[in-house]
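The block underneath contains the structure these notes are about, expressed in structure tokens.
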Amino acid sequence: VWELATRTNVLSWGPGRVTGEFTPDSQRVLAADDSGLIRCLSVGDGRELWRRQVRGGLWGLDVQPQQEYFAALNSENRDVELRHLDTGELVRTLTHPSPAGELAWSPDGGRLAVGVENGWIHVWEVDSETEPESWKGHDDTIVGLGFAPTGAWLASSSWDGSIRLWTWPGRALAVVAHGYNLHEPQFSSAGGWLTSVMHGPVLGRFEVATSGVLRRLHVPLGERRGAWSLEVSPDG
């Protein structure tokens with residue numbers, strides 16, 4: 001952990017691969033290593049607040065916006081463990097038919113979205129024992145998930161080369177953009193932009209525009225069955 005103003009290293013871990021995650025208020029940091037040891041430390045003075053040993057290593061950590069829970073992705077079986085942030089105690093284990101790889105909390109902290117290798121998206125209600133809402137989102141592994149700050153959109157990206165915008169809670173497919181290998185899609189604070197890491201050393205940014213008007217143009221079937229492309233006039 002570095003202090004930006006002075007470029008001073010204030011906390012360090014290692015050796016070995018360490019997964020880290022700040023709490024939203026930046027007062028604590030979670031650190032997990034390949035042995036499955038999770039530690040919670042105070043950023044201000046480096047004190048260890050608690051530690052928990054879990055089975056297998058950890059692939060990723062994601063803290064709930066309300067800072068009551070955090071989700072831990074187990075690298076051994078790719079289950080998702082829901083744990084108390086203040087103690088590290090296990091609350092619930094979320095299992096899926098396919099190994100999990102991506103996590104995203106809803107803005108209100110009530111739901112956790114999980115993307116898995118077979119292209120499905122599962123959205124769990126955190127304080128409920130009900131089964132998740134699940135649907136086929138992509139044709140390959142999910143590599144990115146992100147809720148808009150308003151909670152009205154869920155973005156997903158995949159190795160199938162597409163990024164998709166889903167309405168929430170309706171989970172209707174609103175937009176598909178092909179030809180993009182995106183990781184970690186993140187909405188801007190106002191929800192007007194969607195940024196992501198693209199293939200290689202490239203960052204990308206998309207503008208998200210909404211409208212209350214939808215007009216459908218019906219194209220009569222021809223010899224090659226309907227429309228193949230479209231163009232928009234410069235003046236709209």
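Ordered as shown in the structure tokens, chains take letters A, B, and onward, while each chain numbers its residues from 1 and ligands are numbered from 1 in the order shown.
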Counting only C-alpha atoms, which residues in segment 73-155 of chain A sit no more than 10 Å from segment 19-42 of chain A? For each one, give the nearest pair of atoms and the distance in Å, sorted by chain then residue number, as JSON lines.
```
{"residue": "A:Asn74", "atom": "CA", "partner": "A:Gly36", "partner_atom": "CA", "distance": 8.4}
{"residue": "A:Ser75", "atom": "CA", "partner": "A:Asp34", "partner_atom": "CA", "distance": 8.7}
{"residue": "A:Glu76", "atom": "CA", "partner": "A:Gly36", "partner_atom": "CA", "distance": 9.8}
{"residue": "A:Leu85", "atom": "CA", "partner": "A:Cys40", "partner_atom": "CA", "distance": 8.4}
{"residue": "A:Asp86", "atom": "CA", "partner": "A:Cys40", "partner_atom": "CA", "distance": 8.6}
{"residue": "A:Thr87", "atom": "CA", "partner": "A:Cys40", "partner_atom": "CA", "distance": 8.7}
{"residue": "A:Gly88", "atom": "CA", "partner": "A:Ile38", "partner_atom": "CA", "distance": 8.0}
```
Store the residues of this selection in a file with N, CA and C atoms, as a short mmCIF file (atom, residue, chain, number, x, y, z; two decimals), in the first residue's frame.
```cif
data_model
loop_
_atom_site.label_atom_id
_atom_site.label_comp_id
_atom_site.auth_asym_id
_atom_site.auth_seq_id
_atom_site.Cartn_x
_atom_site.Cartn_y
_atom_site.Cartn_z
N ASN A 74 -12.87 -18.65 -3.85
CA ASN A 74 -11.93 -19.72 -3.54
C ASN A 74 -11.30 -20.24 -4.82
N SER A 75 -9.97 -20.26 -4.87
CA SER A 75 -9.28 -20.68 -6.10
C SER A 75 -9.24 -22.19 -6.26
N GLU A 76 -9.57 -22.94 -5.20
CA GLU A 76 -9.52 -24.40 -5.28
C GLU A 76 -10.75 -24.97 -5.97
N LEU A 85 -17.37 -8.73 7.47
CA LEU A 85 -16.18 -7.89 7.33
C LEU A 85 -15.51 -7.62 8.68
N ASP A 86 -16.28 -7.49 9.75
CA ASP A 86 -15.70 -7.13 11.05
C ASP A 86 -14.96 -8.28 11.72
N THR A 87 -15.30 -9.53 11.35
CA THR A 87 -14.69 -10.68 12.03
C THR A 87 -14.07 -11.70 11.09
N GLY A 88 -14.47 -11.70 9.83
CA GLY A 88 -14.01 -12.71 8.90
C GLY A 88 -14.77 -14.03 8.98
#
```
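When the distance limit is 6 Å and only C-alpha atoms are what count, the residues near Leu73 of chain A, minus those fewer than 3 positions from it on the same chain, are Leu58, Trp59, Gly60, Arg78 and Val80 of chain A.
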For Arg164 of chain A, list every protein, DNA or RNA residue within 7 Å, evaluated using only C-alpha atoms, and leave out those in the same chain fewer than 4 positions away; present the list as a PyMOL selection string.
-> chain A and resi 155-157+175-177
Generate a file of the selected residues that holds all heavy atoms, formatted as a compact mmCIF listing (two decimals), in the first residue's frame.
```txt
# COMPACT_ATOMS: atom_id res chain seq x y z
N ALA A 155 -23.40 -4.54 -16.30
CA ALA A 155 -22.53 -4.76 -17.46
C ALA A 155 -21.80 -6.08 -17.28
O ALA A 155 -21.35 -6.42 -16.18
CB ALA A 155 -21.53 -3.61 -17.60
N SER A 156 -21.68 -6.82 -18.36
CA SER A 156 -20.92 -8.07 -18.33
C SER A 156 -20.03 -8.14 -19.56
O SER A 156 -20.37 -7.63 -20.63
CB SER A 156 -21.87 -9.28 -18.29
OG SER A 156 -22.67 -9.35 -19.46
N SER A 157 -18.88 -8.77 -19.41
CA SER A 157 -17.98 -8.98 -20.54
C SER A 157 -17.47 -10.41 -20.48
O SER A 157 -17.47 -11.05 -19.43
CB SER A 157 -16.82 -7.98 -20.53
OG SER A 157 -16.09 -8.07 -19.32
N VAL A 175 -28.11 -3.88 -24.73
CA VAL A 175 -27.06 -3.53 -25.70
C VAL A 175 -26.06 -4.68 -25.78
O VAL A 175 -25.69 -5.26 -24.75
CB VAL A 175 -26.32 -2.24 -25.30
CG1 VAL A 175 -25.18 -1.94 -26.27
CG2 VAL A 175 -27.27 -1.06 -25.23
N VAL A 176 -25.61 -4.98 -26.99
CA VAL A 176 -24.51 -5.91 -27.20
C VAL A 176 -23.46 -5.22 -28.07
O VAL A 176 -23.79 -4.73 -29.14
CB VAL A 176 -24.96 -7.21 -27.89
CG1 VAL A 176 -23.77 -8.15 -28.06
CG2 VAL A 176 -26.07 -7.90 -27.11
N ALA A 177 -22.23 -5.16 -27.60
CA ALA A 177 -21.12 -4.61 -28.38
C ALA A 177 -20.12 -5.73 -28.64
O ALA A 177 -19.53 -6.27 -27.70
CB ALA A 177 -20.46 -3.46 -27.64
```
Shell of 9 Å around Gly101 of chain A, only C-alpha atoms, local chain residues under 2 positions omitted, as JSON, numbers by chain = {"A": [59, 60, 73, 78, 99, 103, 114, 115, 116, 117, 141, 142, 143, 144]}
Those residues you just picked out, can you put them in a file as a PDB file, in the first residue's frame with N, CA, C and O atoms?
```
ATOM      1  N   TRP A  59      -8.846 -16.470  -4.948  1.00  0.00           N
ATOM      2  CA  TRP A  59      -8.684 -15.886  -6.277  1.00  0.00           C
ATOM      3  C   TRP A  59      -9.009 -14.397  -6.286  1.00  0.00           C
ATOM      4  O   TRP A  59      -8.457 -13.634  -7.054  1.00  0.00           O
ATOM      5  N   GLY A  60      -9.951 -13.982  -5.417  1.00  0.00           N
ATOM      6  CA  GLY A  60     -10.348 -12.582  -5.404  1.00  0.00           C
ATOM      7  C   GLY A  60     -11.159 -12.233  -4.181  1.00  0.00           C
ATOM      8  O   GLY A  60     -11.723 -13.107  -3.511  1.00  0.00           O
ATOM      9  N   LEU A  73     -13.467 -15.389  -3.297  1.00  0.00           N
ATOM     10  CA  LEU A  73     -13.544 -16.378  -4.362  1.00  0.00           C
ATOM     11  C   LEU A  73     -12.455 -17.417  -4.136  1.00  0.00           C
ATOM     12  O   LEU A  73     -11.269 -17.112  -4.198  1.00  0.00           O
ATOM     13  N   ARG A  78     -13.539 -22.686  -6.739  1.00  0.00           N
ATOM     14  CA  ARG A  78     -14.223 -21.516  -7.295  1.00  0.00           C
ATOM     15  C   ARG A  78     -15.615 -21.305  -6.681  1.00  0.00           C
ATOM     16  O   ARG A  78     -16.496 -20.753  -7.322  1.00  0.00           O
ATOM     17  N   PRO A  99     -17.350 -23.244 -12.393  1.00  0.00           N
ATOM     18  CA  PRO A  99     -16.459 -22.441 -11.542  1.00  0.00           C
ATOM     19  C   PRO A  99     -16.697 -20.940 -11.685  1.00  0.00           C
ATOM     20  O   PRO A  99     -16.820 -20.421 -12.799  1.00  0.00           O
ATOM     21  N   LEU A 103     -17.030 -11.204  -9.638  1.00  0.00           N
ATOM     22  CA  LEU A 103     -17.985 -10.791  -8.614  1.00  0.00           C
ATOM     23  C   LEU A 103     -18.343  -9.322  -8.798  1.00  0.00           C
ATOM     24  O   LEU A 103     -17.520  -8.528  -9.235  1.00  0.00           O
ATOM     25  N   VAL A 114     -22.488 -13.015  -9.699  1.00  0.00           N
ATOM     26  CA  VAL A 114     -21.356 -13.917  -9.897  1.00  0.00           C
ATOM     27  C   VAL A 114     -21.355 -14.369 -11.354  1.00  0.00           C
ATOM     28  O   VAL A 114     -22.363 -14.870 -11.863  1.00  0.00           O
ATOM     29  N   GLY A 115     -20.218 -14.189 -12.034  1.00  0.00           N
ATOM     30  CA  GLY A 115     -20.057 -14.671 -13.398  1.00  0.00           C
ATOM     31  C   GLY A 115     -19.226 -15.938 -13.399  1.00  0.00           C
ATOM     32  O   GLY A 115     -18.220 -16.027 -12.678  1.00  0.00           O
ATOM     33  N   VAL A 116     -19.623 -16.941 -14.188  1.00  0.00           N
ATOM     34  CA  VAL A 116     -18.959 -18.239 -14.149  1.00  0.00           C
ATOM     35  C   VAL A 116     -18.423 -18.626 -15.528  1.00  0.00           C
ATOM     36  O   VAL A 116     -18.674 -17.959 -16.530  1.00  0.00           O
ATOM     37  N   GLU A 117     -17.688 -19.736 -15.558  1.00  0.00           N
ATOM     38  CA  GLU A 117     -16.955 -20.117 -16.756  1.00  0.00           C
ATOM     39  C   GLU A 117     -17.849 -20.511 -17.926  1.00  0.00           C
ATOM     40  O   GLU A 117     -17.449 -20.380 -19.083  1.00  0.00           O
ATOM     41  N   THR A 141     -16.520 -17.793 -21.035  1.00  0.00           N
ATOM     42  CA  THR A 141     -16.274 -17.404 -19.646  1.00  0.00           C
ATOM     43  C   THR A 141     -16.546 -15.918 -19.399  1.00  0.00           C
ATOM     44  O   THR A 141     -16.115 -15.064 -20.175  1.00  0.00           O
ATOM     45  N   ILE A 142     -17.246 -15.625 -18.317  1.00  0.00           N
ATOM     46  CA  ILE A 142     -17.452 -14.238 -17.893  1.00  0.00           C
ATOM     47  C   ILE A 142     -16.151 -13.720 -17.282  1.00  0.00           C
ATOM     48  O   ILE A 142     -15.598 -14.320 -16.362  1.00  0.00           O
ATOM     49  N   VAL A 143     -15.654 -12.580 -17.786  1.00  0.00           N
ATOM     50  CA  VAL A 143     -14.397 -12.025 -17.280  1.00  0.00           C
ATOM     51  C   VAL A 143     -14.586 -10.646 -16.652  1.00  0.00           C
ATOM     52  O   VAL A 143     -13.623 -10.034 -16.196  1.00  0.00           O
ATOM     53  N   GLY A 144     -15.811 -10.153 -16.611  1.00  0.00           N
ATOM     54  CA  GLY A 144     -16.053  -8.849 -15.992  1.00  0.00           C
ATOM     55  C   GLY A 144     -17.520  -8.649 -15.689  1.00  0.00           C
ATOM     56  O   GLY A 144     -18.390  -9.052 -16.468  1.00  0.00           O
TER      57      GLY A 144
END
```
Calculate how many Å separate atom CA of Ala172 of chain A from atom CA of Gly146 of chain A, rounding to one decimal.
->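 Separation between atom CA of Ala172 of chain A and atom CA of Gly146 of chain A: 15.5 Å.
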Which of segment 78-131 of chain A fall in strand (DSSP E or B), as a VMD selection string = chain A and resid 80 to 84 90 to 94 100 to 105 111 to 116 120 to 125
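Taking atom CA of Asp62 of chain A as the reference point, atom CA of Ala5 of chain A is found at 25.8 Å.
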Separation of atom CA of Leu94 of chain A from atom CA of Ala113 of chain A, in Å and rounded to one decimal = 11.0 Å
